[in-house]
Amino acid sequence: MNAAKKLASAIALAAVVATPALAGPDDDNLMINEELNMVTETAAPAHLQDAFDTIYSGWRFRTDETQALQIDDFENPAMIFVDQALEYFETVDGTEGKSCSSCHEDGPEQFAGLSATMPKVIGGKLTTMEDLLNAHRAKAMGAEPWKWSGPEMQAMVALIGLQSRGMPMNVAIDGEAAPFWEKGKEMYYTRYGQLELSCANCHEDSYGMMIRADHLSQGQINGFPTYRLKQAKLISKHNRFRGCIRDTRAHTFAEGSDEFRALELYVASRSNGLSVETPAVRQ
Amino acid sequence: MNRTLMTMAVLVFGAGTAAAEMIAPMDVVYDDGAVATSLTGGAPGDVDSGRKIMNKGAGNCIACHAVTDLKDLPFHGEIGPTLDGAADRWTEAELRGIVANAKMMFEGTMMPSFYKTDGFVRLGNAYTGKAHEGDVAPLLTAQEIEDVVAYLMTLKEE
């Protein structure tokens, strides 16, 4: 039995070595607009050191063509949505007759650094950027909530995330955040669905390998919302989680559920130290 | 699928002779990860059908395994070892055990259990993301497992 297992892993190793072009992250360096140097590889945060020495941005696993789209904001298809969000920022909405800029006169720039620390516990509740925006729309503007993964919401999450681009991800996992983080961690290692696969099976044990036509990354969320070429729109973190769990033939969780908030915190903490890349471009 | 279920029903409840007894997922006996008896109760596997199951639908073996014999098909994964020469490394009973429930042979393996119907966390209704309702069908039927095993038995290098 042990011998058989050893044989199997020896063969697996040989298969990986035989296709060096595909294995592992590539060696490319991400510099945006020829001025903003991004950390796409860094030492794993302390809580992850049993699993990894090094964490890598998903950008490092993409093809040269996909990578190129993120190097220059004029090429980045997500920027159209960011521009739309800038328009929403100036647009009056809700019963109070206010736009975001009525109160935030200095523009979205004032939110620099915020996204790198989200989600976080506010008033005892684990709060994502989507929560913050909707609560705030209701309270400050008297406006209807935006749909979690809808175009307005994700465009605004991208606009605010862009203000932190290049800053290191730095979510808190201790204190009040600890119980949420533990719950997210447990989910990360749960083997869901009829295929019985956990996030860790694919994004920790197998990153760098091909699964069918996909080159597996570490499943980092430092680039969200990401523009997905396949869907031609901005994808929320929860939408991505939803898809990954569904693909294990599992009953997935809802976008905006407490489960996904906890998972978001845990996954974000695995990205701690990587540059915020929002809005990233993925396949 | 319907036809397969009907065939199964016939095999299980039919004629009442001593012949062909299909073994249900719960009743499979694993001996050190291997399964000695055919799951269909004797009907031999169909190599061509097995070859197809390797590629598509619930089988999708090449999502994780490369197989030189299937190189006409695109996109072989590298999560598991190449299956070239599988029949040199394993007996038919071992291959049946691996395909039916690989976790019996390789503890904690990432390979899905293709002939298993219980013990899942949040079982979904195929790839819809919704909850599963009603009876659970294994990923592959007894016949499909036998077909895949028959195909794997052709993968010899020596």
# chains A, B, ... in the order shown; residues from 1 in each chain; ligands from 1
call {"tool": "closest_atom_pairs", "arguments": {"of": "stretch 168-214 of chain A", "to": "stretch 73-76 of chain B", "cutoff": "12 Å", "atoms": "only C-alpha atoms", "output": "JSON lines"}}
result
{"residue": "A:Met209", "atom": "CA", "partner": "B:His76", "partner_atom": "CA", "distance": 10.7}
{"residue": "A:Met210", "atom": "CA", "partner": "B:His76", "partner_atom": "CA", "distance": 7.6}
{"residue": "A:Ile211", "atom": "CA", "partner": "B:His76", "partner_atom": "CA", "distance": 7.5}
{"residue": "A:Arg212", "atom": "CA", "partner": "B:Phe75", "partner_atom": "CA", "distance": 5.1}
{"residue": "A:Ala213", "atom": "CA", "partner": "B:Phe75", "partner_atom": "CA", "distance": 5.1}
{"residue": "A:Asp214", "atom": "CA", "partner": "B:Phe75", "partner_atom": "CA", "distance": 8.6}
call {"tool": "residues_around", "arguments": {"residues": "A:Val171", "least_positions_apart": "6", "cutoff": "7 Å", "atoms": "only C-alpha atoms", "output": "PyMOL selection string"}}
result
chain A and resi 116-119+268-269+272
call {"tool": "write_last_selection", "arguments": {"atoms": "N, CA and C atoms", "output": "mmCIF file, in the first residue's frame"}}
result
data_model
loop_
_atom_site.group_PDB
_atom_site.id
_atom_site.type_symbol
_atom_site.label_atom_id
_atom_site.label_comp_id
_atom_site.auth_asym_id
_atom_site.auth_seq_id
_atom_site.Cartn_x
_atom_site.Cartn_y
_atom_site.Cartn_z
ATOM 1 N N ALA A 116 -7.844 47.273 1.674
ATOM 2 C CA ALA A 116 -6.796 46.334 2.091
ATOM 3 C C ALA A 116 -7.107 45.724 3.451
ATOM 4 N N THR A 117 -8.000 46.350 4.209
ATOM 5 C CA THR A 117 -8.304 45.863 5.561
ATOM 6 C C THR A 117 -9.689 45.229 5.660
ATOM 7 N N MET A 118 -10.368 45.096 4.527
ATOM 8 C CA MET A 118 -11.730 44.545 4.526
ATOM 9 C C MET A 118 -11.703 43.073 4.135
ATOM 10 N N PRO A 119 -12.611 42.247 4.658
ATOM 11 C CA PRO A 119 -13.679 42.586 5.601
ATOM 12 C C PRO A 119 -13.152 42.762 7.023
ATOM 13 N N ALA A 268 -9.107 36.205 2.496
ATOM 14 C CA ALA A 268 -8.364 37.480 2.448
ATOM 15 C C ALA A 268 -7.108 37.389 3.302
ATOM 16 N N SER A 269 -7.210 36.702 4.446
ATOM 17 C CA SER A 269 -6.045 36.606 5.331
ATOM 18 C C SER A 269 -4.935 35.756 4.724
ATOM 19 N N ASN A 272 -2.764 38.163 2.809
ATOM 20 C CA ASN A 272 -2.062 39.231 3.547
ATOM 21 C C ASN A 272 -0.605 39.331 3.098
#
call {"tool": "interface_residues", "arguments": {"of": "chain B", "to": "chain A", "cutoff": "6 Å", "atoms": "only C-alpha atoms", "output": "PyMOL selection string"}}
result
chain B and resi 63-64+75-78+80-81+112+120-124+126-127+129-131
call {"tool": "write_last_selection", "arguments": {"atoms": "C-alpha atoms", "output": "mmCIF file, in the first residue's frame"}}
result
data_model
loop_
_atom_site.group_PDB
_atom_site.id
_atom_site.type_symbol
_atom_site.label_atom_id
_atom_site.label_comp_id
_atom_site.auth_asym_id
_atom_site.auth_seq_id
_atom_site.Cartn_x
_atom_site.Cartn_y
_atom_site.Cartn_z
ATOM 1 C CA ALA B 63 -9.459 16.431 -15.805
ATOM 2 C CA CYS B 64 -6.866 15.075 -13.368
ATOM 3 C CA PHE B 75 -6.665 19.233 -21.901
ATOM 4 C CA HIS B 76 -5.313 16.462 -19.713
ATOM 5 C CA GLY B 77 -4.836 17.439 -16.079
ATOM 6 C CA GLU B 78 -1.870 16.730 -13.806
ATOM 7 C CA GLY B 80 -3.071 12.572 -10.419
ATOM 8 C CA PRO B 81 -0.372 10.397 -12.003
ATOM 9 C CA PRO B 112 -13.603 11.478 -6.164
ATOM 10 C CA PHE B 120 -21.375 13.847 1.540
ATOM 11 C CA VAL B 121 -21.282 17.377 2.978
ATOM 12 C CA ARG B 122 -23.929 19.616 1.356
ATOM 13 C CA LEU B 123 -24.665 17.314 -1.531
ATOM 14 C CA GLY B 124 -25.853 19.310 -4.532
ATOM 15 C CA ALA B 126 -25.440 17.935 -10.032
ATOM 16 C CA TYR B 127 -23.835 21.292 -11.026
ATOM 17 C CA GLY B 129 -25.574 24.689 -6.905
ATOM 18 C CA LYS B 130 -28.952 23.707 -5.435
ATOM 19 C CA ALA B 131 -29.523 21.099 -2.724
#
call {"tool": "residues_around", "arguments": {"residues": "stretch 98-107 of chain B", "least_positions_apart": "6", "cutoff": "10 Å", "atoms": "only C-alpha atoms", "output": "ChimeraX atom specification"}}
result
/A:1-2,4-5,8 /B:25,28,30-35,39,59,61,90,92,113-116,138-142,145-146,148-149,152
call {"tool": "closest_residue", "arguments": {"among": "B:Glu157, B:Asp72, B:Asp88, B:Glu94", "to": "B:Thr37", "atoms": "only C-alpha atoms"}}
result
B:Glu94
call {"tool": "select_by_dssp", "arguments": {"residues": "stretch 61-246 of chain A", "states": "helix (DSSP H, G or I)", "output": "number ranges by chain"}}
result
A: 61, 64-68, 79-90, 100-103, 108-111, 115-117, 129-141, 151-162, 175-188, 199-203, 237-246
call {"tool": "residues_around", "arguments": {"residues": "A:Phe111", "least_positions_apart": "5", "cutoff": "8 Å", "atoms": "only C-alpha atoms", "output": "list in words"}}
result
Ile160, Gln163 and Ser164 of chain A
call {"tool": "residues_around", "arguments": {"residues": "A:Gln70", "least_positions_apart": "5", "cutoff": "12 Å", "atoms": "only C-alpha atoms", "output": "VMD selection string"}}
result
chain A and resid 29 to 34 36 38 58 to 60 62 to 65 75 to 79 223 226 to 229 277 to 283
call {"tool": "select_by_dssp", "arguments": {"residues": "stretch 57-237 of chain A", "states": "strand (DSSP E or B)", "output": "count of residues only"}}
result
21
call {"tool": "residues_around", "arguments": {"residues": "A:Glu152", "least_positions_apart": "5", "cutoff": "10 Å", "atoms": "only C-alpha atoms", "output": "MDAnalysis selection string"}}
result
chainID A and resid 81:82 84:85 88 146:147 157:158
call {"tool": "residues_around", "arguments": {"residues": "A:Gly123", "least_positions_apart": "6", "cutoff": "12 Å", "atoms": "only C-alpha atoms", "output": "count of residues only"}}
result
3
call {"tool": "atom_distance", "arguments": {"atom1": "atom CA of A:Ala135", "atom2": "atom CA of A:Arg270"}}
result
27.0 Å
call {"tool": "atom_distance", "arguments": {"atom1": "atom CA of B:Glu144", "atom2": "atom CA of B:Lys71"}}
result
21.4 Å
call {"tool": "atom_distance", "arguments": {"atom1": "atom CA of A:Val121", "atom2": "atom CA of A:Phe180"}}
result
9.0 Å
